[in-house]
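Listing of start24.txt, compact mmCIF, C-alpha atoms and all ligand atoms
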```txt
# COMPACT_ATOMS: atom_id res chain seq x y z
CA MET A 1266 -25.39 4.59 40.84
CA ASP A 1267 -28.95 3.31 41.06
CA ASP A 1268 -28.85 -0.48 41.34
CA ALA A 1269 -32.52 -1.24 41.07
CA GLN A 1270 -33.57 -4.66 39.77
CA LEU A 1271 -35.41 -4.73 36.46
CA GLU A 1272 -37.46 -7.40 34.84
CA LEU A 1273 -35.96 -8.52 31.53
CA ARG A 1274 -38.78 -6.85 29.57
CA GLU A 1275 -38.03 -3.51 31.28
CA ALA A 1276 -34.30 -3.99 30.74
CA ALA A 1277 -34.93 -4.61 27.03
CA ARG A 1278 -36.95 -1.38 26.86
CA ALA A 1279 -34.16 0.54 28.63
CA LEU A 1280 -31.64 -0.88 26.17
CA GLY A 1281 -33.86 -0.05 23.20
CA VAL A 1282 -33.94 -3.64 21.93
CA HIS A 1283 -36.52 -6.36 21.47
CA TYR A 1284 -37.18 -8.70 24.40
CA GLN A 1285 -35.75 -11.64 22.38
CA THR A 1286 -32.47 -9.76 21.87
CA ALA A 1287 -32.13 -9.04 25.58
CA TYR A 1288 -32.94 -12.69 26.27
CA ARG A 1289 -30.17 -13.77 23.83
CA TRP A 1290 -27.70 -11.46 25.62
CA VAL A 1291 -28.64 -13.05 28.92
CA ARG A 1292 -28.13 -16.54 27.46
CA SER A 1293 -24.74 -15.58 25.99
CA GLY A 1294 -23.60 -13.95 29.24
CA GLU A 1295 -23.40 -10.48 27.72
CA LEU A 1296 -26.07 -9.26 30.14
CA PRO A 1297 -25.77 -10.75 33.65
CA ALA A 1298 -29.13 -11.85 35.08
CA GLN A 1299 -30.59 -13.81 37.94
CA VAL A 1300 -33.63 -16.01 37.95
CA VAL A 1301 -36.13 -14.76 40.51
CA GLY A 1302 -39.27 -16.83 40.65
CA LYS A 1303 -39.90 -17.71 37.04
CA GLN A 1304 -38.28 -14.71 35.44
CA TYR A 1305 -34.97 -13.14 34.74
CA VAL A 1306 -34.05 -10.05 36.71
CA VAL A 1307 -31.30 -7.69 35.67
CA SER A 1308 -29.57 -4.96 37.67
CA GLN A 1309 -29.81 -1.35 36.52
CA ARG A 1310 -26.01 -1.09 36.78
CA ASP A 1311 -25.49 -3.97 34.30
CA VAL A 1312 -28.03 -2.42 31.94
CA ASP A 1313 -26.19 0.93 32.09
CA GLU A 1314 -22.82 -0.73 31.47
CA LEU A 1315 -24.06 -2.68 28.49
CA LYS A 1316 -25.61 0.50 27.09
CA LYS A 1317 -22.25 2.27 27.38
CA ARG A 1318 -20.38 -0.61 25.72
CA ARG A 1319 -22.82 -0.65 22.83
CA ALA A 1320 -22.57 3.11 22.35
CA ALA A 1321 -18.75 3.06 22.08
CA PRO A 1322 -17.65 2.80 18.45
CA ALA A 1323 -16.22 -0.63 17.65
CA PRO A 1324 -12.58 -0.41 16.57
CA PRO A 1325 -12.31 -1.16 12.83
CA ARG A 1326 -11.33 -4.78 12.16
CA LYS A 1327 -8.22 -4.79 10.01
CA PRO A 1328 -8.83 -6.89 6.91
CA THR A 1329 -7.50 -10.43 7.22
CA ALA A 1330 -4.81 -11.80 4.88
CA LYS A 1331 -7.52 -13.95 3.29
CA ARG A 1332 -9.71 -10.95 2.54
CA VAL A 1333 -6.74 -9.05 1.13
CA ALA A 1334 -5.87 -11.98 -1.17
CA GLN A 1335 -9.48 -12.19 -2.34
CA GLN A 1336 -9.49 -8.49 -3.13
CA ALA A 1337 -6.29 -8.90 -5.20
CA LYS A 1338 -8.18 -11.42 -7.35
CA ARG A 1339 -11.10 -9.02 -7.74
CA VAL A 1340 -8.72 -6.21 -8.68
CA HIS A 1341 -7.14 -8.46 -11.31
CA VAL A 1342 -10.53 -9.15 -12.92
CA ALA A 1343 -11.54 -5.47 -12.69
CA LEU A 1344 -8.26 -4.31 -14.26
CA LEU A 1345 -8.69 -6.77 -17.14
CA ASP A 1346 -12.26 -5.47 -17.65
CA GLY A 1347 -11.28 -1.79 -17.36
CA ASP A 1348 -13.66 -1.54 -14.40
CA GLU A 1349 -12.14 1.50 -12.69
CA SER A 1350 -14.88 2.10 -10.16
CA SER A 1351 -14.50 -1.40 -8.70
CA VAL A 1352 -10.72 -1.00 -8.39
CA ARG A 1353 -11.15 2.34 -6.62
CA GLN A 1354 -13.92 1.06 -4.40
CA ILE A 1355 -11.89 -2.00 -3.31
CA ALA A 1356 -8.81 0.13 -2.61
CA ARG A 1357 -10.75 2.75 -0.71
CA SER A 1358 -12.60 0.26 1.45
CA LEU A 1359 -9.44 -1.68 2.38
CA VAL A 1360 -7.70 1.56 3.39
CA THR A 1361 -10.74 2.73 5.35
CA ASP A 1362 -10.73 -0.60 7.20
CA GLY A 1363 -7.10 -0.14 8.25
CA THR A 1364 -4.93 -1.55 5.46
CA GLY A 1365 -1.84 0.62 4.99
CA VAL A 1366 -1.36 2.06 1.52
CA VAL A 1367 1.98 0.24 1.14
CA GLU A 1368 0.35 -3.06 2.05
CA LEU A 1369 -2.43 -2.30 -0.41
CA ILE A 1370 0.09 -1.70 -3.18
CA GLN A 1371 2.20 -4.74 -2.40
CA SER A 1372 -0.60 -7.22 -1.76
CA VAL A 1373 -3.55 -6.04 -3.84
CA ILE A 1374 -2.30 -3.91 -6.71
CA ALA A 1375 1.18 -5.17 -7.66
CA PRO A 1376 0.30 -8.89 -8.00
CA PRO A 1377 -2.42 -8.33 -10.64
CA LEU A 1378 -0.18 -5.88 -12.51
CA ARG A 1379 2.58 -8.50 -12.63
CA GLN A 1380 0.08 -11.10 -13.85
CA ILE A 1381 -1.06 -8.70 -16.56
CA GLY A 1382 2.59 -8.07 -17.54
CA GLU A 1383 3.24 -11.82 -17.79
CA ALA A 1384 0.07 -12.45 -19.81
CA TRP A 1385 1.09 -9.66 -22.18
CA HIS A 1386 4.58 -11.18 -22.45
CA ARG A 1387 3.08 -14.57 -23.37
CA GLY A 1388 1.05 -12.85 -26.06
CA GLU A 1389 -2.27 -13.54 -24.33
CA LEU A 1390 -3.26 -9.91 -23.84
CA ASP A 1391 -3.41 -6.92 -26.13
CA ILE A 1392 -1.15 -4.05 -25.18
CA TRP A 1393 -4.14 -1.76 -24.68
CA VAL A 1394 -5.35 -3.93 -21.80
CA GLU A 1395 -2.05 -3.32 -20.01
CA HIS A 1396 -2.09 0.41 -20.80
CA ARG A 1397 -5.67 0.78 -19.59
CA ALA A 1398 -4.91 -1.17 -16.41
CA SER A 1399 -1.88 0.96 -15.58
CA ALA A 1400 -3.82 4.17 -16.20
CA ILE A 1401 -6.52 2.97 -13.77
CA VAL A 1402 -3.90 2.12 -11.16
CA GLU A 1403 -2.22 5.50 -11.61
CA ARG A 1404 -5.50 7.32 -10.91
CA THR A 1405 -6.43 5.00 -8.03
CA LEU A 1406 -3.07 5.57 -6.33
CA GLY A 1407 -3.45 9.32 -6.84
CA ASP A 1408 -6.51 9.17 -4.59
CA LEU A 1409 -4.65 7.42 -1.81
CA VAL A 1410 -1.53 9.52 -1.36
CA PRO A 1411 -0.99 9.56 2.41
CA ASN A 1412 -0.42 12.76 4.32
CA PRO A 1413 0.95 11.69 7.69
CA ARG A 1414 1.40 14.06 10.59
CA GLY A 1415 4.66 14.68 12.35
CA ARG A 1416 8.15 15.80 11.55
CA ARG A 1417 9.50 14.89 8.13
CA ARG A 1418 12.62 12.73 7.99
CA GLY A 1419 14.03 14.76 5.15
CA THR A 1420 13.49 15.23 1.43
CA ALA A 1421 13.62 12.29 -0.95
CA MET A 1422 13.67 12.61 -4.73
CA VAL A 1423 12.07 9.73 -6.64
CA ALA A 1424 12.41 9.11 -10.37
CA SER A 1425 13.31 6.64 -13.07
CA ILE A 1426 15.92 7.54 -15.65
CA SER A 1427 15.82 8.16 -19.41
CA GLY A 1428 14.74 5.04 -21.26
CA ASP A 1429 12.62 3.72 -18.39
CA LEU A 1430 9.02 4.70 -19.07
CA HIS A 1431 7.58 2.89 -16.07
CA SER A 1432 6.23 5.74 -13.97
CA LEU A 1433 3.94 3.60 -11.78
CA PRO A 1434 6.76 2.10 -9.68
CA THR A 1435 8.03 5.63 -9.04
CA THR A 1436 4.54 6.59 -7.83
CA MET A 1437 4.51 3.53 -5.57
CA ALA A 1438 7.93 4.41 -4.13
CA ALA A 1439 6.83 8.02 -3.61
CA ILE A 1440 3.73 6.89 -1.71
CA ALA A 1441 5.73 4.49 0.47
CA LEU A 1442 8.18 7.24 1.40
CA ARG A 1443 5.38 9.70 2.12
CA GLU A 1444 3.70 7.19 4.37
CA ALA A 1445 7.05 6.86 6.17
CA ASN A 1446 7.11 10.62 6.78
CA TRP A 1447 9.46 11.70 4.02
CA ASN A 1448 8.90 14.89 2.12
CA VAL A 1449 8.90 13.62 -1.48
CA GLU A 1450 9.90 15.29 -4.74
CA HIS A 1451 8.34 12.91 -7.24
CA LEU A 1452 9.80 13.52 -10.70
CA GLY A 1453 8.21 10.54 -12.45
CA ALA A 1454 9.70 8.47 -15.27
CA ASP A 1455 12.21 8.94 -18.10
CA MET A 1456 14.28 11.64 -16.40
CA PRO A 1457 17.66 12.50 -17.96
CA GLU A 1458 20.48 11.69 -15.52
CA GLU A 1459 22.05 15.15 -15.90
CA GLU A 1460 18.79 16.76 -14.79
CA LEU A 1461 18.56 14.53 -11.74
CA VAL A 1462 22.07 15.43 -10.64
CA ARG A 1463 21.27 19.14 -11.08
CA PHE A 1464 17.97 18.79 -9.25
CA CYS A 1465 19.47 17.01 -6.25
CA THR A 1466 22.24 19.58 -5.91
CA ALA A 1467 19.91 22.55 -6.25
CA HIS A 1468 17.16 21.26 -3.93
CA ASP A 1469 18.90 20.01 -0.84
CA VAL A 1470 17.81 16.43 -1.43
CA ASP A 1471 18.66 14.07 1.44
CA LEU A 1472 18.03 10.86 -0.51
CA ALA A 1473 17.79 10.08 -4.20
CA VAL A 1474 15.66 7.03 -5.05
CA ILE A 1475 16.04 5.67 -8.56
CA SER A 1476 13.41 3.20 -9.54
CA VAL A 1477 14.41 0.68 -12.23
CA THR A 1478 11.79 -1.39 -14.03
CA ASN A 1479 13.23 -1.58 -17.53
CA LEU A 1480 16.37 -3.57 -16.80
CA GLU A 1481 18.11 -2.14 -19.86
CA VAL A 1482 18.80 1.04 -17.87
CA ALA A 1483 20.06 -0.75 -14.74
CA GLN A 1484 23.75 -0.11 -15.34
CA ARG A 1485 23.17 3.57 -16.06
CA ALA A 1486 21.07 3.81 -12.89
CA ASP A 1487 23.96 2.37 -10.85
CA ALA A 1488 26.37 4.79 -12.46
CA LEU A 1489 24.04 7.67 -11.63
CA ALA A 1490 23.82 6.52 -7.99
CA SER A 1491 27.63 6.57 -7.80
CA ARG A 1492 27.69 10.06 -9.25
CA LEU A 1493 25.08 11.33 -6.83
CA GLN A 1494 26.86 9.77 -3.87
CA ALA A 1495 30.14 11.35 -4.95
CA ALA A 1496 28.36 14.70 -5.12
CA GLY A 1497 27.06 14.24 -1.57
CA THR A 1498 23.53 12.87 -2.12
CA PRO A 1499 22.92 9.36 -0.76
CA ALA A 1500 21.27 7.29 -3.48
CA LEU A 1501 19.26 4.10 -3.58
CA VAL A 1502 18.56 2.08 -6.72
CA GLY A 1503 15.84 -0.54 -6.75
CA GLY A 1504 12.75 -1.75 -8.52
CA THR A 1505 11.47 -5.00 -10.00
CA GLY A 1506 12.03 -7.76 -7.49
CA SER A 1507 12.52 -5.46 -4.51
CA SER A 1508 9.82 -4.33 -2.16
CA LEU A 1509 8.55 -1.08 -0.75
CA GLU A 1510 9.28 -2.34 2.78
CA GLN A 1511 12.87 -2.81 1.68
CA LEU A 1512 12.94 0.72 0.26
CA VAL A 1513 11.53 2.28 3.43
CA THR A 1514 13.76 0.25 5.76
CA VAL A 1515 16.92 1.20 3.92
CA ALA A 1516 15.78 4.83 3.43
CA ASN A 1517 15.19 5.11 7.17
CA GLY A 1518 18.71 3.93 7.86
CA GLY A 1519 18.01 0.29 8.64
CA GLU A 1520 19.34 -2.89 7.14
CA TYR A 1521 16.95 -5.05 5.24
CA ALA A 1522 17.39 -8.68 6.20
CA ASN A 1523 15.63 -10.62 3.48
CA ASP A 1524 17.17 -13.06 1.09
CA GLU A 1525 14.31 -13.09 -1.37
CA PRO A 1526 15.07 -10.13 -3.61
CA GLU A 1527 18.56 -10.02 -5.00
CA THR A 1528 20.22 -7.19 -3.13
CA SER A 1529 23.77 -6.07 -3.31
CA SER A 1530 25.81 -3.07 -2.34
CA GLY A 1531 27.54 -0.99 -4.94
CA SER A 1532 31.20 -0.20 -4.47
CA ASP A 1533 30.14 3.27 -3.35
CA GLY A 1534 27.76 1.93 -0.72
CA SER A 1535 24.48 2.60 -2.58
CA SER A 1536 21.99 -0.22 -2.15
CA LEU A 1537 21.11 -1.96 -5.35
CA ALA A 1538 18.17 -4.25 -5.75
CA TYR A 1539 16.49 -5.57 -8.88
C1 LIG W 1601 2.54 -1.20 -16.69
C2 LIG W 1601 3.73 -1.70 -17.46
C3 LIG W 1601 4.20 -0.96 -18.52
C4 LIG W 1601 3.61 0.41 -18.87
C5 LIG W 1601 4.09 1.44 -17.82
C6 LIG W 1601 3.03 2.46 -17.54
C7 LIG W 1601 3.37 3.28 -16.35
N1 LIG W 1601 2.69 4.42 -16.29
O1 LIG W 1601 4.17 2.93 -15.51
C8 LIG W 1601 4.19 0.67 -20.30
C9 LIG W 1601 3.16 0.27 -21.31
C10 LIG W 1601 4.69 2.05 -20.59
C11 LIG W 1601 5.32 -0.38 -20.35
C12 LIG W 1601 6.30 -0.34 -21.31
C13 LIG W 1601 7.25 -1.33 -21.49
N2 LIG W 1601 7.36 -2.44 -20.76
CO1 LIG W 1601 6.38 -2.74 -19.16
N3 LIG W 1601 5.37 -3.37 -17.77
C14 LIG W 1601 4.37 -2.90 -17.06
C15 LIG W 1601 3.94 -3.84 -15.92
C16 LIG W 1601 2.69 -4.59 -16.32
C17 LIG W 1601 3.73 -3.17 -14.56
C18 LIG W 1601 4.89 -2.23 -14.16
C19 LIG W 1601 4.73 -1.83 -12.73
O2 LIG W 1601 4.00 -0.92 -12.40
N4 LIG W 1601 5.41 -2.57 -11.80
C20 LIG W 1601 5.28 -2.36 -10.37
C21 LIG W 1601 4.93 -3.69 -9.65
C22 LIG W 1601 3.73 -4.33 -10.26
O3 LIG W 1601 6.04 -4.57 -9.76
P1 LIG W 1601 7.06 -4.76 -8.55
O4 LIG W 1601 8.24 -5.48 -9.07
O5 LIG W 1601 6.39 -5.30 -7.34
O6 LIG W 1601 7.46 -3.26 -8.23
C23 LIG W 1601 7.94 -2.86 -6.96
C24 LIG W 1601 9.29 -2.21 -7.08
O7 LIG W 1601 9.36 -1.49 -8.29
C25 LIG W 1601 9.29 -1.29 -5.87
N5 LIG W 1601 10.07 -0.11 -6.05
C26 LIG W 1601 9.80 0.95 -6.85
N6 LIG W 1601 10.79 1.83 -6.81
C27 LIG W 1601 11.72 1.37 -5.94
C28 LIG W 1601 12.93 1.88 -5.51
C29 LIG W 1601 13.71 1.16 -4.58
C30 LIG W 1601 15.04 1.71 -4.17
C31 LIG W 1601 13.25 -0.07 -4.08
C32 LIG W 1601 14.07 -0.84 -3.07
C33 LIG W 1601 11.99 -0.59 -4.50
C34 LIG W 1601 11.26 0.13 -5.45
O8 LIG W 1601 7.92 -0.91 -5.69
C35 LIG W 1601 7.06 -1.72 -6.45
C36 LIG W 1601 5.87 -2.17 -5.61
O9 LIG W 1601 6.17 -3.25 -4.80
C37 LIG W 1601 5.22 -4.73 -15.82
C38 LIG W 1601 4.99 -6.09 -15.16
C39 LIG W 1601 5.83 -6.18 -13.88
N7 LIG W 1601 6.16 -7.38 -13.49
O10 LIG W 1601 6.15 -5.20 -13.25
C40 LIG W 1601 5.72 -4.73 -17.26
C41 LIG W 1601 7.23 -4.92 -17.55
C42 LIG W 1601 8.02 -4.23 -16.43
N8 LIG W 1601 7.43 -4.27 -18.82
C43 LIG W 1601 8.23 -4.93 -19.55
C44 LIG W 1601 8.59 -4.55 -20.85
C45 LIG W 1601 9.40 -5.54 -21.66
C46 LIG W 1601 8.20 -3.31 -21.37
C47 LIG W 1601 8.60 -2.74 -22.74
C48 LIG W 1601 10.04 -2.97 -23.17
C49 LIG W 1601 7.60 -3.29 -23.77
C50 LIG W 1601 7.86 -2.87 -25.20
N9 LIG W 1601 8.33 -3.83 -25.97
O11 LIG W 1601 7.65 -1.75 -25.55
C51 LIG W 1601 8.28 -1.26 -22.56
C52 LIG W 1601 9.51 -0.52 -22.04
C53 LIG W 1601 9.35 0.92 -22.14
C54 LIG W 1601 10.53 1.58 -21.53
N10 LIG W 1601 11.38 2.14 -22.37
O12 LIG W 1601 10.65 1.61 -20.32
C55 LIG W 1601 8.80 -6.16 -18.88
C56 LIG W 1601 10.20 -5.86 -18.34
C57 LIG W 1601 11.16 -6.93 -18.70
C58 LIG W 1601 12.54 -6.56 -18.19
N11 LIG W 1601 13.10 -7.48 -17.49
O13 LIG W 1601 13.04 -5.48 -18.39
C59 LIG W 1601 7.70 -6.41 -17.77
C60 LIG W 1601 8.25 -7.13 -16.52
C61 LIG W 1601 6.57 -7.23 -18.44
C62 LIG W 1601 6.99 -8.66 -18.73
N12 LIG W 1601 6.59 -9.61 -17.90
O14 LIG W 1601 7.67 -8.91 -19.69
N13 LIG W 1601 5.21 -1.28 -19.39
```
Take the structure I supplied and represent it as structure tokens, if you would.
Amino acid sequence: MDDAQLELREAARALGVHYQTAYRWVRSGELPAQVVGKQYVVSQRDVDELKKRRAAPAPPRKPTAKRVAQQAKRVHVALLDGDESSVRQIARSLVTDGTGVVELIQSVIAPPLRQIGEAWHRGELDIWVEHRASAIVERTLGDLVPNPRGRRRGTAMVASISGDLHSLPTTMAAIALREANWNVEHLGADMPEEELVRFCTAHDVDLAVISVTNLEVAQRADALASRLQAAGTPALVGGTGSSLEQLVTVANGGEYANDEPETSSGSDGSSLAY
């Protein structure tokens, strides 16, 4: 390699930057230089190395927890305003910058939805605000469905049962399982139990995931899990108060050690969490 000595002005020209920029790099140590006489002199080798470093794409900086929390606040405001393009833009840019879709759901999308649910419950919000917000989230999540490479772990069926109209948590569970390399049969909300049993038997389902958000159906969901297990399909019941990490850990055969959500095991071994 040519190791000629260049004056700083020549080095700046070779690097394609202004003299002042090259001078700043010298001062910060980014560009090694020697003082010869009254000027800085830089070696050709150091110029070439710096050029190479600058040409290499910088790895994306994963959003910090602070940025994620700020974005959750912005999503809350946008959902209240029905500002779909902001919600989509925030979600897209966090994912592009390296936030996993599950993290996005748990940290940026679910908290504002819960706040909206509570405000509705206290009578502070009209029902249409909640409906519009959930429709925006449904479309935003549709855009972000992951498609990971690699061998699938098996086929998981995801649904909620008759009487539970909350389809969004089933979408969230389906996304989490897809991101974890499951092939997912997403049947949405309000599915009759009989149909789910028939589906799992007919489609070689390796895991049935029943999402419960309307607690009135919780007992029936547990009963369905027992039925599915007895028929040979492992089943997991969970929803409000349990997390997607918990879902994925248990689905992948691990034990979830967390005492926050109330988790118990049914007599048949199915994991229950509400
Ligand atoms: C959007 C919404 C609706 C929408 C649903 C639209 C849709 N397409 O889904 C509509 C308008 C239909 C609706 C209807 C009702 N809703 Co609603 N709804 C909500 C809201 C705001 C968000 C629901 C949601 O998406 N949750 C997902 C996220 C935000 O919550 P999460 O707990 O973190 O969810 C996680 C788990 O579910 C987990 N997960 C999902 N699947 C699985 C599976 C397993 C195995 C595991 C481990 C984890 C897991 O993943 C999620 C992400 O982390 C909630 C507020 C809330 N706190 O959830 C109320 C809420 C759930 N609704 C409530 C109520 C009362 C109702 C109604 C009864 C209102 C009414 N009087 O008509 C009806 C019930 C209709 C019915 N028969 O089911 C109550 C439920 C109270 C209760 N304890 O049962 C809530 C909590 C609002 C409140 N604060 O009072 N609702």
> Using only C-alpha atoms and all ligand atoms, which of A:Arg1357, A:His1386, A:Lys1338, A:His1283 sits nearest ligand LIG 1601 (chain W)?
Replying inline: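 Closest to ligand LIG 1601 (chain W) of all the choices is A:His1386.
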Expected selection as a PDB file with C-alpha atoms, keeping the file's coordinate frame for ligand LIG 1601 (chain W) within 6 Å, all atoms listed in the file:
```pdb
ATOM      1  CA  GLN A1371       2.200  -4.740  -2.400  1.00  0.00           C
ATOM      2  CA  ALA A1375       1.180  -5.170  -7.660  1.00  0.00           C
ATOM      3  CA  LEU A1378      -0.180  -5.880 -12.510  1.00  0.00           C
ATOM      4  CA  ARG A1379       2.580  -8.500 -12.630  1.00  0.00           C
ATOM      5  CA  ILE A1381      -1.060  -8.700 -16.560  1.00  0.00           C
ATOM      6  CA  GLY A1382       2.590  -8.070 -17.540  1.00  0.00           C
ATOM      7  CA  GLU A1383       3.240 -11.820 -17.790  1.00  0.00           C
ATOM      8  CA  HIS A1386       4.580 -11.180 -22.450  1.00  0.00           C
ATOM      9  CA  HIS A1396      -2.090   0.410 -20.800  1.00  0.00           C
ATOM     10  CA  SER A1399      -1.880   0.960 -15.580  1.00  0.00           C
ATOM     11  CA  GLY A1428      14.740   5.040 -21.260  1.00  0.00           C
ATOM     12  CA  ASP A1429      12.620   3.720 -18.390  1.00  0.00           C
ATOM     13  CA  LEU A1430       9.020   4.700 -19.070  1.00  0.00           C
ATOM     14  CA  HIS A1431       7.580   2.890 -16.070  1.00  0.00           C
ATOM     15  CA  SER A1432       6.230   5.740 -13.970  1.00  0.00           C
ATOM     16  CA  LEU A1433       3.940   3.600 -11.780  1.00  0.00           C
ATOM     17  CA  PRO A1434       6.760   2.100  -9.680  1.00  0.00           C
ATOM     18  CA  THR A1435       8.030   5.630  -9.040  1.00  0.00           C
ATOM     19  CA  MET A1437       4.510   3.530  -5.570  1.00  0.00           C
ATOM     20  CA  ALA A1438       7.930   4.410  -4.130  1.00  0.00           C
ATOM     21  CA  VAL A1474      15.660   7.030  -5.050  1.00  0.00           C
ATOM     22  CA  ILE A1475      16.040   5.670  -8.560  1.00  0.00           C
ATOM     23  CA  SER A1476      13.410   3.200  -9.540  1.00  0.00           C
ATOM     24  CA  THR A1478      11.790  -1.390 -14.030  1.00  0.00           C
ATOM     25  CA  ASN A1479      13.230  -1.580 -17.530  1.00  0.00           C
ATOM     26  CA  LEU A1480      16.370  -3.570 -16.800  1.00  0.00           C
ATOM     27  CA  LEU A1501      19.260   4.100  -3.580  1.00  0.00           C
ATOM     28  CA  VAL A1502      18.560   2.080  -6.720  1.00  0.00           C
ATOM     29  CA  GLY A1503      15.840  -0.540  -6.750  1.00  0.00           C
ATOM     30  CA  GLY A1504      12.750  -1.750  -8.520  1.00  0.00           C
ATOM     31  CA  THR A1505      11.470  -5.000 -10.000  1.00  0.00           C
ATOM     32  CA  GLY A1506      12.030  -7.760  -7.490  1.00  0.00           C
ATOM     33  CA  SER A1507      12.520  -5.460  -4.510  1.00  0.00           C
ATOM     34  CA  SER A1508       9.820  -4.330  -2.160  1.00  0.00           C
ATOM     35  CA  LEU A1509       8.550  -1.080  -0.750  1.00  0.00           C
ATOM     36  CA  GLN A1511      12.870  -2.810   1.680  1.00  0.00           C
ATOM     37  CA  LEU A1512      12.940   0.720   0.260  1.00  0.00           C
ATOM     38  CA  ALA A1538      18.170  -4.250  -5.750  1.00  0.00           C
TER      39      ALA A1538
END
```
>> What's the separation between CA of Ile1355 in chain A and CA of Ala1337 in chain A, in Å to one decimal place?
In response: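 Computing the Euclidean distance for CA of Ile1355 in chain A and CA of Ala1337 in chain A yields 9.1 Å.
The point (-2.5, 8.0, -10.2) has these residues within 12 Å of it, counting only C-alpha atoms: A:Glu1349, A:Arg1353, A:Ala1398, A:Ser1399, A:Ala1400, A:Ile1401, A:Val1402, A:Glu1403, A:Arg1404, A:Thr1405, A:Leu1406, A:Gly1407, A:Asp1408, A:Leu1409, A:Val1410, A:Ser1432, A:Leu1433, A:Pro1434, A:Thr1435, A:Thr1436, A:Met1437, A:Ala1439, A:Ile1440, A:Gly1453.
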>> When you look at Met1456 in chain A with a cut-off of 8 Å (counting all atoms listed in the file), what residues show up, excluding the ones that are within fewer than 6 positions of it in the same chain? I need them as a PyMOL selection string.
In response: chain A and resi 1424-1427
> Please, what distance in Å, to one decimal, runs between CA of Gly1302 in chain A and CA of Leu1315 in chain A?
Replying inline: 24.1 Å
> Looking at A:Asp1311, A:Glu1444, A:Glu1272, A:Glu1295, which one is nearest to Pro1413 in chain A, with distances taken over all atoms listed in the file?
Replying inline: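 With all atoms listed in the file as the atom set, the closest residue is A:Glu1444.
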> Between A:Ala1298, A:His1468, A:Val1282, A:Gln1335, which one has atoms that come closest to Lys1316 in chain A, using all atoms listed in the file?
Replying inline: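 Nearest candidate to Lys1316 in chain A out of A:Ala1298, A:His1468, A:Val1282, A:Gln1335: A:Val1282.
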>> So that I can see what lies close to Pro1297 in chain A, please list as a count of residues only the residues with an atom at most 9 Å from it, counting only C-alpha atoms and leaving out residues fewer than 5 positions away in the same chain.
In response: 8
Could you write out as lines of an AutoDock Vina configuration file the box around range 1468-1487 of chain A (axis-aligned, all atoms listed in the file, 6 Å on each side), with centre and edge lengths in Å to one decimal?
```
center_x = 17.9
center_y = 8.8
center_z = -9.2
size_x = 24.2
size_y = 36.8
size_z = 33.3
```
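For the point (17.0, 2.6, 5.1), the residues with an atom at a distance of at most 12 Å are A:Arg1418, A:Ala1421, A:Leu1442, A:Ala1445, A:Trp1447, A:Leu1472, A:Ala1473, A:Val1474, A:Pro1499, A:Ala1500, A:Leu1501, A:Val1502, A:Leu1509, A:Glu1510, A:Gln1511, A:Leu1512, A:Val1513, A:Thr1514, A:Val1515, A:Ala1516, A:Asn1517, A:Gly1518, A:Gly1519, A:Glu1520, A:Tyr1521, A:Ala1522, A:Ser1535, A:Ser1536, counting all atoms listed in the file.
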Write out the residues from the selection above, keeping C-alpha atoms, as an mmCIF file, keeping the file's coordinate frame.
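Result saved to again.cif:
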```
data_model
loop_
_atom_site.group_PDB
_atom_site.id
_atom_site.type_symbol
_atom_site.label_atom_id
_atom_site.label_comp_id
_atom_site.auth_asym_id
_atom_site.auth_seq_id
_atom_site.Cartn_x
_atom_site.Cartn_y
_atom_site.Cartn_z
ATOM 1 C CA ARG A 1418 12.620 12.730 7.990
ATOM 2 C CA ALA A 1421 13.620 12.290 -0.950
ATOM 3 C CA LEU A 1442 8.180 7.240 1.400
ATOM 4 C CA ALA A 1445 7.050 6.860 6.170
ATOM 5 C CA TRP A 1447 9.460 11.700 4.020
ATOM 6 C CA LEU A 1472 18.030 10.860 -0.510
ATOM 7 C CA ALA A 1473 17.790 10.080 -4.200
ATOM 8 C CA VAL A 1474 15.660 7.030 -5.050
ATOM 9 C CA PRO A 1499 22.920 9.360 -0.760
ATOM 10 C CA ALA A 1500 21.270 7.290 -3.480
ATOM 11 C CA LEU A 1501 19.260 4.100 -3.580
ATOM 12 C CA VAL A 1502 18.560 2.080 -6.720
ATOM 13 C CA LEU A 1509 8.550 -1.080 -0.750
ATOM 14 C CA GLU A 1510 9.280 -2.340 2.780
ATOM 15 C CA GLN A 1511 12.870 -2.810 1.680
ATOM 16 C CA LEU A 1512 12.940 0.720 0.260
ATOM 17 C CA VAL A 1513 11.530 2.280 3.430
ATOM 18 C CA THR A 1514 13.760 0.250 5.760
ATOM 19 C CA VAL A 1515 16.920 1.200 3.920
ATOM 20 C CA ALA A 1516 15.780 4.830 3.430
ATOM 21 C CA ASN A 1517 15.190 5.110 7.170
ATOM 22 C CA GLY A 1518 18.710 3.930 7.860
ATOM 23 C CA GLY A 1519 18.010 0.290 8.640
ATOM 24 C CA GLU A 1520 19.340 -2.890 7.140
ATOM 25 C CA TYR A 1521 16.950 -5.050 5.240
ATOM 26 C CA ALA A 1522 17.390 -8.680 6.200
ATOM 27 C CA SER A 1535 24.480 2.600 -2.580
ATOM 28 C CA SER A 1536 21.990 -0.220 -2.150
#
```
